[in-house]
$ cat start_22.cif   # mmCIF, C-alpha atoms and all ligand atoms
data_upload
#
loop_
_atom_site.label_atom_id
_atom_site.label_comp_id
_atom_site.auth_asym_id
_atom_site.auth_seq_id
_atom_site.Cartn_x
_atom_site.Cartn_y
_atom_site.Cartn_z
CA MET A 1 113.78 100.96 101.46
CA ALA A 2 114.28 99.27 98.11
CA ILE A 3 117.77 99.33 96.65
CA ILE A 4 116.98 101.74 93.84
CA HIS A 5 119.12 102.29 90.78
CA GLU A 6 117.84 105.10 88.57
CA GLN A 7 118.74 105.44 84.91
CA PHE A 8 117.52 108.28 82.74
CA PHE A 9 117.54 107.85 78.97
CA ASP A 10 117.41 110.45 76.19
CA SER A 11 114.83 108.57 74.19
CA LYS A 12 112.40 105.68 74.29
CA ASP A 13 114.62 103.84 71.83
CA ALA A 14 117.58 104.06 74.20
CA MET A 15 115.43 102.82 77.08
CA THR A 16 114.10 99.96 74.95
CA GLU A 17 117.60 98.96 73.91
CA HIS A 18 118.76 98.79 77.51
CA LEU A 19 115.64 97.01 78.76
CA ALA A 20 115.83 94.37 76.03
CA SER A 21 119.49 93.68 76.76
CA ILE A 22 118.90 93.41 80.53
CA LEU A 23 115.99 91.02 79.98
CA GLU A 24 118.09 88.95 77.59
CA SER A 25 120.98 88.62 80.03
CA THR A 26 118.62 87.94 82.95
CA LEU A 27 116.88 85.12 81.12
CA ASN A 28 120.16 83.67 79.86
CA SER A 29 121.74 83.60 83.28
CA ALA A 30 118.58 82.22 84.91
CA LEU A 31 118.59 79.36 82.40
CA GLU A 32 122.29 78.72 82.95
CA GLY A 33 121.95 78.44 86.72
CA ASP A 34 118.58 76.71 86.76
CA SER A 35 116.45 74.73 84.37
CA LYS A 36 113.79 77.44 84.27
CA ALA A 37 113.20 81.15 84.34
CA SER A 38 110.22 83.29 85.36
CA MET A 39 109.41 86.72 84.04
CA LEU A 40 106.47 88.80 85.24
CA VAL A 41 105.19 91.30 82.72
CA SER A 42 103.04 94.42 82.66
CA GLY A 43 101.04 95.92 79.83
CA GLY A 44 101.48 99.53 78.73
CA SER A 45 103.23 101.26 75.90
CA SER A 46 106.65 101.49 77.60
CA PRO A 47 107.72 97.83 77.50
CA ALA A 48 106.02 96.91 74.18
CA PRO A 49 109.02 97.50 71.86
CA ALA A 50 111.36 95.58 74.19
CA TYR A 51 108.88 92.68 74.25
CA LYS A 52 108.87 92.65 70.45
CA ARG A 53 112.65 92.53 70.32
CA LEU A 54 112.79 89.82 72.94
CA SER A 55 110.38 87.62 70.99
CA SER A 56 113.04 86.88 68.35
CA LEU A 57 115.70 86.01 70.91
CA ASP A 58 117.29 82.64 70.47
CA LEU A 59 116.95 80.97 73.85
CA ASP A 60 115.16 77.94 75.20
CA TRP A 61 111.81 79.66 75.63
CA SER A 62 110.11 76.38 76.59
CA LYS A 63 111.88 76.74 79.94
CA VAL A 64 110.69 80.32 80.45
CA THR A 65 107.43 81.08 82.21
CA VAL A 66 105.88 84.44 81.45
CA ALA A 67 103.14 85.56 83.86
CA MET A 68 101.06 88.71 84.21
CA VAL A 69 101.72 91.45 86.76
CA ASP A 70 98.10 92.57 86.47
CA GLU A 71 95.00 92.16 84.38
CA ARG A 72 91.69 93.81 83.70
CA TRP A 73 88.81 91.44 84.45
CA VAL A 74 87.83 91.20 80.80
CA SER A 75 87.79 88.37 78.31
CA PRO A 76 91.18 87.61 76.69
CA SER A 77 89.63 88.64 73.38
CA HIS A 78 88.84 92.14 74.71
CA GLU A 79 90.94 94.95 73.20
CA LYS A 80 92.00 96.06 76.69
CA SER A 81 93.14 92.60 77.81
CA ASN A 82 96.76 92.59 79.00
CA GLU A 83 96.87 88.88 78.18
CA ALA A 84 96.10 89.67 74.52
CA PHE A 85 98.68 92.46 74.58
CA ILE A 86 101.40 90.09 75.83
CA LYS A 87 100.41 87.45 73.27
CA ASN A 88 100.62 90.02 70.47
CA THR A 89 103.94 91.53 71.52
CA LEU A 90 106.14 89.16 73.51
CA LEU A 91 104.75 85.70 72.80
CA GLN A 92 105.43 85.75 69.09
CA ASP A 93 108.13 84.12 66.97
CA LYS A 94 110.64 82.17 69.13
CA ALA A 95 109.03 83.31 72.39
CA SER A 96 105.74 81.68 71.37
CA SER A 97 106.99 78.46 73.00
CA ALA A 98 107.22 80.09 76.46
CA GLN A 99 104.82 78.90 79.14
CA PHE A 100 102.19 81.57 79.77
CA VAL A 101 100.43 81.95 83.11
CA THR A 102 97.54 84.37 82.89
CA MET A 103 95.28 85.96 85.46
CA LYS A 104 91.83 85.99 83.91
CA ASN A 105 89.73 82.91 84.50
CA GLY A 106 86.09 82.07 84.02
CA ALA A 107 84.93 83.39 87.40
CA SER A 108 82.19 86.00 87.32
CA THR A 109 84.26 88.52 89.30
CA ALA A 110 87.92 88.99 90.19
CA VAL A 111 87.08 88.43 93.85
CA VAL A 112 85.52 85.05 93.00
CA GLY A 113 88.43 84.17 90.71
CA GLN A 114 91.22 85.16 93.10
CA GLU A 115 91.72 81.83 94.87
CA GLU A 116 92.23 79.93 91.63
CA VAL A 117 94.67 82.55 90.30
CA GLU A 118 96.59 82.42 93.57
CA ALA A 119 96.90 78.63 93.21
CA ARG A 120 98.27 79.11 89.66
CA TYR A 121 100.78 81.69 90.84
CA GLN A 122 101.93 79.45 93.68
CA THR A 123 103.24 77.04 91.01
CA LEU A 124 105.61 79.67 89.52
CA LYS A 125 109.33 79.65 90.11
CA THR A 126 109.96 82.11 92.93
CA PRO A 127 111.60 84.41 93.53
CA PHE A 128 110.71 85.55 90.02
CA ASP A 129 113.82 86.24 87.96
CA VAL A 130 112.52 89.58 86.80
CA THR A 131 109.36 91.65 87.21
CA ILE A 132 108.54 94.52 84.86
CA LEU A 133 106.40 97.26 86.34
CA GLY A 134 104.83 100.35 84.84
CA MET A 135 103.26 103.25 86.67
CA GLY A 136 100.47 105.70 86.06
CA PRO A 137 100.33 109.45 86.63
CA ASP A 138 98.12 108.68 89.65
CA GLY A 139 100.94 106.72 91.35
CA HIS A 140 99.53 103.27 90.68
CA THR A 141 101.76 100.37 89.77
CA ALA A 142 100.59 96.88 88.77
CA SER A 143 96.84 97.35 89.51
CA LEU A 144 97.50 98.84 92.93
CA PHE A 145 95.40 101.95 92.37
CA PRO A 146 95.06 104.75 94.94
CA HIS A 147 92.32 104.00 97.50
CA ALA A 148 91.03 101.06 95.47
CA GLU A 149 88.80 98.43 97.02
CA GLY A 150 91.22 95.60 97.86
CA LEU A 151 94.30 97.87 98.05
CA ASP A 152 94.68 97.57 101.80
CA ALA A 153 94.57 93.77 101.57
CA ALA A 154 96.97 93.78 98.62
CA LEU A 155 99.51 95.77 100.64
CA LYS A 156 99.21 93.54 103.72
CA THR A 157 98.62 89.97 102.55
CA GLU A 158 101.32 87.36 102.05
CA GLN A 159 99.44 85.98 99.04
CA LEU A 160 100.83 86.71 95.58
CA VAL A 161 97.67 88.04 93.91
CA CYS A 162 94.66 90.06 94.96
CA ALA A 163 91.42 91.25 93.38
CA ILE A 164 91.21 95.04 93.06
CA ASN A 165 88.35 97.34 92.22
CA ALA A 166 89.80 100.75 91.38
CA ASN A 167 87.99 104.06 91.66
CA GLU A 168 87.11 105.03 88.12
CA SER A 169 89.33 107.77 86.75
CA GLU A 170 90.87 108.95 83.50
CA VAL A 171 93.74 106.56 84.21
CA THR A 172 91.65 103.43 84.83
CA GLY A 173 89.08 104.08 82.14
CA SER A 174 85.80 102.24 82.60
CA ILE A 175 87.37 98.87 83.43
CA THR A 176 88.06 99.11 87.15
CA GLU A 177 87.87 95.44 88.09
CA ARG A 178 91.35 93.94 88.10
CA MET A 179 93.61 91.19 89.36
CA SER A 180 97.03 92.28 90.54
CA LEU A 181 100.24 91.06 92.03
CA THR A 182 100.20 92.08 95.68
CA LEU A 183 103.00 93.97 97.37
CA ALA A 184 104.31 90.61 98.63
CA GLY A 185 104.13 89.31 95.05
CA ILE A 186 106.15 92.28 93.80
CA ALA A 187 108.65 91.79 96.63
CA ASN A 188 109.15 88.15 95.62
CA THR A 189 111.50 88.93 92.74
CA GLN A 190 115.25 88.98 92.17
CA HIS A 191 115.00 92.18 90.19
CA ALA A 192 112.14 94.59 89.54
CA ILE A 193 112.30 97.13 86.72
CA LEU A 194 110.03 100.17 86.84
CA LEU A 195 109.44 101.91 83.49
CA ILE A 196 108.47 105.56 83.54
CA SER A 197 107.90 107.84 80.58
CA GLY A 198 107.21 111.55 80.45
CA GLU A 199 107.48 114.47 82.85
CA GLU A 200 104.12 113.96 84.54
CA LYS A 201 104.99 110.44 85.69
CA ARG A 202 108.52 111.55 86.61
CA ALA A 203 107.00 114.17 88.94
CA MET A 204 104.75 111.51 90.48
CA TYR A 205 107.72 109.19 90.95
CA GLU A 206 109.62 111.96 92.76
CA GLN A 207 106.57 112.53 94.96
CA ALA A 208 106.34 108.80 95.70
CA LYS A 209 109.89 108.93 97.06
CA GLN A 210 108.74 111.41 99.74
CA GLN A 211 107.18 110.20 102.97
CA GLY A 212 103.40 109.88 102.86
CA SER A 213 100.44 107.58 102.51
CA GLU A 214 100.75 104.38 100.48
CA LEU A 215 97.01 104.50 99.92
CA ASP A 216 97.40 107.89 98.19
CA ILE A 217 100.39 106.74 96.11
CA PRO A 218 100.66 102.92 96.07
CA LEU A 219 104.05 103.08 94.30
CA ARG A 220 105.42 104.31 97.65
CA ALA A 221 104.85 100.85 99.11
CA VAL A 222 107.05 99.32 96.39
CA LEU A 223 109.79 101.92 96.86
CA GLY A 224 109.69 101.13 100.56
CA LEU A 225 110.13 97.37 100.19
CA PRO A 226 113.19 96.38 102.20
CA ASP A 227 116.03 95.11 99.99
CA LEU A 228 114.01 94.96 96.77
CA LYS A 229 116.48 95.36 93.90
CA LEU A 230 114.66 97.96 91.82
CA SER A 231 115.90 99.55 88.58
CA VAL A 232 114.00 102.67 87.60
CA PHE A 233 114.21 103.56 83.92
CA TRP A 234 112.89 106.90 82.73
CA CYS A 235 112.62 108.41 79.26
CA PRO A 236 110.96 111.63 78.03
O1 LIG B 1 96.35 98.99 83.70
C1 LIG B 1 96.34 100.15 83.27
O2 LIG B 1 95.48 101.01 83.54
C2 LIG B 1 97.50 100.59 82.41
O3 LIG B 1 97.90 99.53 81.57
C3 LIG B 1 98.64 101.04 83.26
O4 LIG B 1 98.87 100.27 84.40
C4 LIG B 1 99.92 101.18 82.47
O5 LIG B 1 100.63 99.97 82.42
C5 LIG B 1 100.78 102.22 83.11
O6 LIG B 1 100.04 103.39 83.17
C6 LIG B 1 102.06 102.41 82.34
O7 LIG B 1 101.76 102.81 81.05
P1 LIG B 1 102.86 103.11 79.97
O8 LIG B 1 103.71 101.90 79.81
O9 LIG B 1 102.06 103.40 78.75
O10 LIG B 1 103.67 104.26 80.51
#
$ encode --input "start_22.cif" --output "C-alpha cells" --more "lines below"
Ligand SMILES: O=C(O)[C@H](O)[C@@H](O)[C@H](O)[C@H](O)COP(=O)(O)O
Amino acid sequence: MAIIHEQFFDSKDAMTEHLASILESTLNSALEGDSKASMLVSGGSSPAPAYKRLSSLDLDWSKVTVAMVDERWVSPSHEKSNEAFIKNTLLQDKASSAQFVTMKNGASTAVVGQEEVEARYQTLKTPFDVTILGMGPDGHTASLFPHAEGLDAALKTEQLVCAINANESEVTGSITERMSLTLAGIANTQHAILLISGEEKRAMYEQAKQQGSELDIPLRAVLGLPDLKLSVFWCP
C-alpha cells in the first residue's frame, strides 16, 4: 500500500494555498540538496490556481524541469493540449525559464511516438521530486483510463511512459488517444499529490480504496503502490 496522508479542505482556495506552499518548499529543498529539481504536472482545473501562484515564485527556475504526467495526442496549439495548459498557467513570469519536457511529438500516433517520449523521460532527474495527479469520476488518474487499450501494459511495464487509447466516454471526450506516465513512472517519485474535488470524485476515491480490479478503477493501482508517499487533497 501507498503511505497515504489525506487532507480535506473547506474550499478550493484553502487547497490551492496548501498545494502552492508544499510545491514551493519541495522545489526549494530539492534545489538546496541538489543542483536540479523535477516536477511532474497534470492538467485539470484543480491545480491551475496553484500553478499560477507558483509561476511568480522567486527561485532558480532554470534548474527546475517540469514534465507532463499525461497528454492528449493533439497538437500543442489545440485547445485541449495539456502542454498548452501548462505553458499558460505554470510556465509564465519567473517560471518561464524552467526546462519543459513535453509528451507530444511529431509521430502519427501515440504508439508510434512512445519510444521517443520514453527516451526523453529517461533523461529526467529521478526519482521525481514531486508528481501532481488528478483523477476523474471514472477512477482514472494520469491517462490510465478504465479498460483502455494499453492500460494493462502501463500497469506492468518498467518503462516510464505508455501510449493509451481510452474508451470514449463523457470523461474522455472525443480525444481518446493519449500518452501517460505508467504506474512505474508514477511510483518513481519522492512525493505524489492527488487532487480531488467534489463529492462524486470523493466517492470514487473511497471506492478505489476498497479491494477490486485495477482495470475497473486504475487509481487503485496507485493507491496500492508499496511505499509511495501519497498526499491526497480534497475540496468540495
Ligand atoms: O485528461 C483528462 O481527461 C482530464 O484532464 C482529467 O485527467 C483531469 O485532469 C481530471 O479529471 C482532474 O480534473 P480536475 O482537476 O478538473 O478535477
$ closest_atom_pairs --input "start_22.cif" --of "chain A" --to "ligand LIG 1 (chain B)" --cutoff "6 Å" --atoms "all atoms listed in the file" --output "JSON lines"
{"residue": "A:Gly43", "atom": "CA", "partner": "B:LIG1", "partner_atom": "O5", "distance": 4.8}
{"residue": "A:Gly44", "atom": "CA", "partner": "B:LIG1", "partner_atom": "O8", "distance": 3.4}
{"residue": "A:Ser45", "atom": "CA", "partner": "B:LIG1", "partner_atom": "O9", "distance": 3.8}
{"residue": "A:Ser46", "atom": "CA", "partner": "B:LIG1", "partner_atom": "O8", "distance": 3.7}
{"residue": "A:Gly134", "atom": "CA", "partner": "B:LIG1", "partner_atom": "C6", "distance": 4.3}
{"residue": "A:Met135", "atom": "CA", "partner": "B:LIG1", "partner_atom": "C5", "distance": 4.5}
{"residue": "A:Gly136", "atom": "CA", "partner": "B:LIG1", "partner_atom": "O6", "distance": 3.7}
{"residue": "A:Ala142", "atom": "CA", "partner": "B:LIG1", "partner_atom": "O4", "distance": 5.8}
{"residue": "A:Val171", "atom": "CA", "partner": "B:LIG1", "partner_atom": "O2", "distance": 5.9}
{"residue": "A:Thr172", "atom": "CA", "partner": "B:LIG1", "partner_atom": "O2", "distance": 4.7}
{"residue": "A:Ile196", "atom": "CA", "partner": "B:LIG1", "partner_atom": "O10", "distance": 5.8}
{"residue": "A:Ser197", "atom": "CA", "partner": "B:LIG1", "partner_atom": "O10", "distance": 5.5}
$ residues_around --input "start_22.cif" --residues "A:Val69" --least-positions-apart "2" --cutoff "9 Å" --atoms "only C-alpha atoms" --output "list of chain:residue names"
A:Leu40, A:Val41, A:Ser42, A:Gly43, A:Ala67, A:Glu71, A:Met103, A:Thr131, A:Ile132, A:Leu133, A:Ala142, A:Ser143, A:Val161, A:Met179, A:Ser180, A:Leu181, A:Gly185, A:Ile186
$ write_last_selection --input "start_22.cif" --atoms "C-alpha atoms" --output "JSON list (two decimals), in the coordinates of the input"
[["chain", "number", "residue", "atom", "x", "y", "z"],
["A", 40, "LEU", "CA", 106.47, 88.80, 85.24],
["A", 41, "VAL", "CA", 105.19, 91.30, 82.72],
["A", 42, "SER", "CA", 103.04, 94.42, 82.66],
["A", 43, "GLY", "CA", 101.04, 95.92, 79.83],
["A", 67, "ALA", "CA", 103.14, 85.56, 83.86],
["A", 71, "GLU", "CA", 95.00, 92.16, 84.38],
["A", 103, "MET", "CA", 95.28, 85.96, 85.46],
["A", 131, "THR", "CA", 109.36, 91.65, 87.21],
["A", 132, "ILE", "CA", 108.54, 94.52, 84.86],
["A", 133, "LEU", "CA", 106.40, 97.26, 86.34],
["A", 142, "ALA", "CA", 100.59, 96.88, 88.77],
["A", 143, "SER", "CA", 96.84, 97.35, 89.51],
["A", 161, "VAL", "CA", 97.67, 88.04, 93.91],
["A", 179, "MET", "CA", 93.61, 91.19, 89.36],
["A", 180, "SER", "CA", 97.03, 92.28, 90.54],
["A", 181, "LEU", "CA", 100.24, 91.06, 92.03],
["A", 185, "GLY", "CA", 104.13, 89.31, 95.05],
["A", 186, "ILE", "CA", 106.15, 92.28, 93.80]]
$ residues_near_point --input "start_22.cif" --point "(99.8, 81.8, 94.2)" --cutoff "10 Å" --atoms "all atoms listed in the file" --output "ChimeraX atom specification"
/A:114-124,158-162,181,185
$ atom_distance --input "start_22.cif" --atom1 "atom CA of A:Asn165" --atom2 "atom CA of A:Asp227"
28.8 Å
$ residues_around --input "start_22.cif" --residues "A:Asn105" --least-positions-apart "4" --cutoff "10 Å" --atoms "all atoms listed in the file" --output "VMD selection string"
chain A and resid 73 to 76 109 to 110 112 to 114 116 to 117
$ closest_residue --input "start_22.cif" --among "A:Ile217, A:Ile193, A:Leu228, A:Ala14" --to "A:Val130" --atoms "only C-alpha atoms"
A:Ile193
$ closest_residue --input "start_22.cif" --among "A:Ile86, A:Leu151, A:Ala166, A:Leu57" --to "A:Asn28" --atoms "only C-alpha atoms"
A:Leu57
$ residues_near_point --input "start_22.cif" --point "(113.2, 94.7, 75.4)" --cutoff "6 Å" --atoms "all atoms listed in the file" --output "PyMOL selection string"
chain A and resi 16+19-20+50-51+53-54
